[in-house]
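Notes follow once the structure below has been shown.
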Amino acid sequence: MDSADDPPTSTLAFLFQAEFASEEQQQKGFIDWEWLGENFTEDVVPAFLQHIYLCAVALAIALAISLPLGILAARYRGLYGPFTAITGFFYTIPSFAMFIFLLAIGFSVGVTPAIIALVLYSLLILIRNVVTGLDSVPPETKDAARGMGLTDRQILWRVELPLALPVIVAGMRIAVVTVIGIAVIASYIGGGGLGTLIFSGITRNFPTLYVTGAVLATLLAISADLLFVRTERLLSPWAHRTRGAR
Amino acid sequence: MIEFKGVSKTYPGMDTPVVRDLSFTIEDGEICVLVGPSGCGKTTSMRMINRLIEPTEGEILIDGQDNTSMSGTQLRRKIGYAIQQTGLFPHRTIADNIGTVPGLLGWDKARIASRADELLDLVGLAPDQYRDRYPAELSGGQQQRVGVARALAADPPVMLMDEPFGAVDPITRDRLQNEFLHIQEDIKKTIVFVTHDIDEGIKMGDKIAILKEGGILAQYDTPENILVKPASEFVQSFVGGDRVLKRLSLTRVGDVDLEPANGNGNALPRINAEWTLRDALSEIIGAGADRGLVVTDGESNGGSRGAITLDSIRKISHGAVVPRG
Ligand SMILES: Nc1ncnc2c1ncn2[C@@H]1O[C@H](COP(=O)(O)OP(=O)(O)OP(=O)(O)O)[C@@H](O)[C@H]1O
Ligand SMILES: [Mg+2]
């Protein structure tokens, strides 16, 4: 965690130093390309990487939680209600409020509360899609699997999860876009990332900063989405072949 | 050999059994058809053999051994299983689907692959063309062939088939039935075959077990005997008013003593020796004749084997014994 804390701190430090120069920079047009060129690797890239880091870690943790919970809820229907009620509650909390609550219950400013918040936001979408995906497995497929002598565990790993994969990935796509958006706001509690560029840009009326941040956040969301689409096609070729012979 | 001994099944939360005190024996190498109206417990009875369902009473012996003497999964890997909806794995290729049980049994890859090709050949699908496809890329009839191939994969002595040809059109079903009977002549499996279609039962079964509502065994006998001597009114009505005709469909023209084809055979309808007496009867009556000229496949003219008359068909329908098959 310590090393992860470094980039935002240094970025923030830079932003404060840069403040006195901002008036002059405004003269150079809406986007100050010169500034961008000079500071790109030093300040923009770290913020961008930090953003990816936040989102990736949060999604990985969220998936690690949602997968077992979703499998449980698909098995024991009674759990589905409570699970969606609780995670649905997290999902409805406005992101600012969520960060404030996390600070209020004792987390100090930094990456940890940011990641926790992002995880909490993803849970509802992911659990729901895991359950929907498992439900979409045709009962006769499971019956045939059992009838041929697969154990319950083999049925889960070899039949149910692979068949649920497209639906689970669909959930990941929504979650990743949501998380990339909310992670912008997480910079307020020291999560770092592109939000740092955007908010200081706005505060200091320096468009180069916030436009860069916004564009990168958008590009990141689009490419993450595409990456998931590609991966899913690679992992589930069967779901994408057209009906051929007849 | 599969023995049902006083087997009953009552589902949890229900007070009447859906299978009641079932006792009968299925001989090795025979197709035993379980037939009866919907909900009479055919599927339940079949699924108790490989313990997808556990009986509440009684026991089932396979080759003299209680089927609870090993774990359910061990048991099921030794018993072929094919169902109407096929249950093929959509995410696995045809070859992988067929290789499922061999894979579970730890066969090596090369052996599984060659077995899959062999079975595709057996069920009439060119391996080169089909082995790497996914189930969705096959027609319904082709999927059912693969379902049967998959059930045969590890060469199990016993096969359970629940309406395996149920989801296709009548013509395809007829072809699949014929092909399967042909395969069975070689492989001689002990087969439990569930259907609700008595005609399919008569065609496929060496023995037929007719179940009635509440899972009671109404009659267990050869198709011949069930048609000639229905044990009860229930069986009689289930078999249908056309049981005399059905009986004719048990016999092939080629298996009957023919009369010499005398005179001008040209005006007579042509009867293929592979047809059943029922088909022959229909053809002769349809042509307004009293006899038909029996020919073998591929020789529509000349080479006649003889003639079959309405008279001889009538005699057989009244009980003159013709050896089956
Ligand atoms: N899991 C279950 N729980 C409770 N009742 C069941 C269950 N499975 C089947 N039944 C009931 O048991 C009876 C027999 O069902 P079964 O599936 O064996 O009939 P079937 O003869 O195969 O009918 P069909 O020709 O329609 O397939 C039916 O009344 C059915 O509703
Ligand atoms: Mg059934």
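Going through the structure tokens in order, the chains are called A, B, and so on, while each chain numbers its residues from 1 and the ligands are numbered from 1 in the order shown.
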Mind listing as a PyMOL selection string which residues of chain B are within 8 Å of chain A, counting only C-alpha atoms? chain B and resi 50+52+72-77+79-83+85-92+100-101+104+134+136-139+151
8 Å from ligand 2 is the threshold here; counting only C-alpha atoms and all ligand atoms, which polymer residues fall inside it? Answer as an MDAnalysis selection string. chainID B and resid 38:39 41:44 162:163 194:196
Selection within 10 Å of ligand 1 by only C-alpha atoms and all ligand atoms, output as a VMD selection string: chain B and resid 9 to 14 16 to 19 34 to 48 53 84 162 to 163 194 to 197 211 to 215
Quick one: everything within 9 Å of segment 237-241 of chain B, counting only C-alpha atoms, minus sequence neighbours fewer than 2 positions away in the same chain. Send it as a list in words. Gly36, Pro37, Ile198, Asp199, Ile210, Ile226, Leu227, Pro230, Ser232, Glu233, Phe234, Val235, Arg243, Val244, Leu245 and Lys246 of chain B
Could you write out the selected residues, including N, CA, C and O atoms, as a JSON list (two decimals), in the first residue's frame?
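Final output, saved to selection.json:
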```json
[["chain", "number", "residue", "atom", "x", "y", "z"],
["B", 36, "GLY", "N", -45.63, -45.71, -21.66],
["B", 36, "GLY", "CA", -46.82, -45.44, -20.87],
["B", 36, "GLY", "C", -47.20, -43.99, -21.03],
["B", 36, "GLY", "O", -46.44, -43.19, -21.60],
["B", 37, "PRO", "N", -48.38, -43.61, -20.53],
["B", 37, "PRO", "CA", -48.82, -42.23, -20.68],
["B", 37, "PRO", "C", -47.93, -41.26, -19.91],
["B", 37, "PRO", "O", -47.18, -41.68, -19.03],
["B", 198, "ILE", "N", -46.07, -45.68, -28.36],
["B", 198, "ILE", "CA", -46.15, -47.14, -28.39],
["B", 198, "ILE", "C", -45.60, -47.70, -29.70],
["B", 198, "ILE", "O", -44.99, -48.77, -29.72],
["B", 199, "ASP", "N", -45.78, -46.95, -30.79],
["B", 199, "ASP", "CA", -45.24, -47.43, -32.07],
["B", 199, "ASP", "C", -43.71, -47.53, -32.02],
["B", 199, "ASP", "O", -43.12, -48.49, -32.50],
["B", 210, "ILE", "N", -45.04, -51.83, -20.03],
["B", 210, "ILE", "CA", -46.06, -50.78, -20.09],
["B", 210, "ILE", "C", -46.40, -50.36, -18.67],
["B", 210, "ILE", "O", -46.79, -51.18, -17.84],
["B", 226, "ILE", "N", -47.60, -58.56, -26.41],
["B", 226, "ILE", "CA", -48.41, -57.44, -25.94],
["B", 226, "ILE", "C", -49.51, -57.12, -26.95],
["B", 226, "ILE", "O", -50.64, -56.81, -26.58],
["B", 227, "LEU", "N", -49.17, -57.25, -28.21],
["B", 227, "LEU", "CA", -50.17, -56.96, -29.24],
["B", 227, "LEU", "C", -51.21, -58.07, -29.35],
["B", 227, "LEU", "O", -52.40, -57.82, -29.55],
["B", 230, "PRO", "N", -52.96, -58.62, -24.93],
["B", 230, "PRO", "CA", -52.89, -57.53, -23.95],
["B", 230, "PRO", "C", -53.45, -58.00, -22.61],
["B", 230, "PRO", "O", -54.50, -58.63, -22.57],
["B", 232, "SER", "N", -54.60, -56.40, -20.03],
["B", 232, "SER", "CA", -55.73, -55.73, -19.39],
["B", 232, "SER", "C", -56.35, -54.75, -20.38],
["B", 232, "SER", "O", -55.80, -54.51, -21.46],
["B", 233, "GLU", "N", -57.46, -54.21, -19.98],
["B", 233, "GLU", "CA", -58.10, -53.22, -20.85],
["B", 233, "GLU", "C", -57.23, -51.99, -21.01],
["B", 233, "GLU", "O", -57.20, -51.37, -22.08],
["B", 234, "PHE", "N", -56.52, -51.67, -19.92],
["B", 234, "PHE", "CA", -55.62, -50.52, -20.04],
["B", 234, "PHE", "C", -54.60, -50.75, -21.15],
["B", 234, "PHE", "O", -54.41, -49.90, -22.01],
["B", 235, "VAL", "N", -53.98, -51.91, -21.14],
["B", 235, "VAL", "CA", -52.96, -52.20, -22.16],
["B", 235, "VAL", "C", -53.61, -52.17, -23.54],
["B", 235, "VAL", "O", -53.09, -51.57, -24.49],
["B", 243, "ARG", "N", -54.14, -52.60, -33.29],
["B", 243, "ARG", "CA", -53.03, -53.48, -32.89],
["B", 243, "ARG", "C", -52.77, -54.60, -33.88],
["B", 243, "ARG", "O", -51.67, -55.12, -33.98],
["B", 244, "VAL", "N", -53.83, -54.97, -34.64],
["B", 244, "VAL", "CA", -53.60, -55.99, -35.67],
["B", 244, "VAL", "C", -52.62, -55.44, -36.71],
["B", 244, "VAL", "O", -51.66, -56.09, -37.11],
["B", 245, "LEU", "N", -52.86, -54.20, -37.10],
["B", 245, "LEU", "CA", -51.94, -53.57, -38.07],
["B", 245, "LEU", "C", -50.55, -53.41, -37.47],
["B", 245, "LEU", "O", -49.54, -53.63, -38.12],
["B", 246, "LYS", "N", -50.52, -53.02, -36.19],
["B", 246, "LYS", "CA", -49.22, -52.85, -35.54],
["B", 246, "LYS", "C", -48.44, -54.15, -35.56],
["B", 246, "LYS", "O", -47.23, -54.16, -35.74]]
```
Between atom CA of Leu160 of chain B and atom CA of Val192 of chain B, measure the distance and give it in Å to one decimal.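 So the two atoms, atom CA of Leu160 of chain B and atom CA of Val192 of chain B, lie 4.9 Å apart.
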Could you list, as a ChimeraX atom specification, every residue within 6 Å of segment 183-198 of chain A, counting only C-alpha atoms and ignoring same-chain residues fewer than 2 positions away? /A:8,47-48,50-51,109-111,114,179-181,200-201,209-210,213
State, in Å with one decimal place, the distance from atom CA of Phe4 of chain B to atom CA of Asp21 of chain B.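 For atom CA of Phe4 of chain B relative to atom CA of Asp21 of chain B, the distance reads 9.0 Å.
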May I have all residues of segment 81-149 of chain A that DSSP, computed from the backbone, assigns to helix (DSSP H, G or I), given as a VMD selection string? chain A and resid 81 to 92 95 to 104 111 to 135 139 to 147
Requested write-out: C-alpha atoms of the selected residues, as a compact mmCIF listing (two decimals), in the first residue's frame:
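Okay, this is what ended up in again_18.txt:
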```
# COMPACT_ATOMS: atom_id res chain seq x y z
CA GLY A 81 -32.49 -11.67 -1.73
CA PRO A 82 -30.24 -10.62 1.17
CA PHE A 83 -27.15 -10.45 -1.08
CA THR A 84 -28.77 -8.14 -3.59
CA ALA A 85 -30.39 -6.07 -0.83
CA ILE A 86 -27.05 -5.42 0.86
CA THR A 87 -24.99 -4.87 -2.28
CA GLY A 88 -27.87 -2.89 -3.80
CA PHE A 89 -27.71 -0.60 -0.78
CA PHE A 90 -23.99 0.01 -1.39
CA TYR A 91 -24.75 0.69 -5.02
CA THR A 92 -27.29 3.41 -4.25
CA SER A 95 -20.11 8.23 -4.30
CA PHE A 96 -19.23 11.32 -2.33
CA ALA A 97 -21.27 10.12 0.61
CA MET A 98 -19.60 6.71 0.38
CA PHE A 99 -16.14 8.26 0.66
CA ILE A 100 -17.18 10.39 3.57
CA PHE A 101 -18.68 7.39 5.38
CA LEU A 102 -15.48 5.45 4.87
CA LEU A 103 -13.46 8.30 6.36
CA ALA A 104 -16.00 8.64 9.14
CA VAL A 111 -5.75 4.29 -1.69
CA THR A 112 -7.42 1.85 0.71
CA PRO A 113 -10.79 3.60 1.17
CA ALA A 114 -10.81 4.36 -2.55
CA ILE A 115 -10.45 0.70 -3.45
CA ILE A 116 -12.98 -0.38 -0.83
CA ALA A 117 -15.51 2.04 -2.27
CA LEU A 118 -14.92 0.80 -5.81
CA VAL A 119 -15.29 -2.80 -4.69
CA LEU A 120 -18.56 -2.04 -2.92
CA TYR A 121 -19.93 -0.40 -6.05
CA SER A 122 -19.08 -3.40 -8.24
CA LEU A 123 -20.54 -6.12 -6.05
CA LEU A 124 -24.20 -5.76 -7.02
CA ILE A 125 -23.53 -5.88 -10.75
CA LEU A 126 -21.10 -8.76 -10.51
CA ILE A 127 -23.10 -10.97 -8.13
CA ARG A 128 -26.22 -10.44 -10.18
CA ASN A 129 -24.46 -11.44 -13.37
CA VAL A 130 -22.82 -14.49 -11.84
CA VAL A 131 -26.23 -15.70 -10.70
CA THR A 132 -27.92 -14.86 -14.01
CA GLY A 133 -25.09 -16.58 -15.86
CA LEU A 134 -25.37 -19.74 -13.80
CA ASP A 135 -29.15 -19.69 -14.18
CA PRO A 139 -30.94 -27.77 -17.01
CA GLU A 140 -30.60 -30.65 -19.48
CA THR A 141 -26.93 -29.82 -19.92
CA LYS A 142 -26.39 -30.15 -16.19
CA ASP A 143 -28.50 -33.30 -16.13
CA ALA A 144 -26.47 -34.88 -18.92
CA ALA A 145 -23.27 -33.93 -17.10
CA ARG A 146 -24.48 -35.60 -13.93
CA GLY A 147 -25.81 -38.58 -15.86
```
Atom CA of Arg111 of chain B and atom CA of Gln142 of chain B are how many Å apart?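 For atom CA of Arg111 of chain B relative to atom CA of Gln142 of chain B, the distance reads 23.2 Å.
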For Gly254 of chain B, work out the shell of residues within 9 Å, counting only C-alpha atoms and skipping chain neighbours fewer than 5 positions away, then give it as a list in words. Asn272, Ala273, Glu274, Trp275, Thr276, Val294, Thr296 and Arg305 of chain B
Residue contacts of Ala261 of chain B (8 Å, only C-alpha atoms) excluding same-chain residues fewer than 6 positions away, as a list in words: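 Residues near the query, excluding close chain neighbours: Leu293, Ser304, Arg305, Gly306 and Ala307 of chain B.
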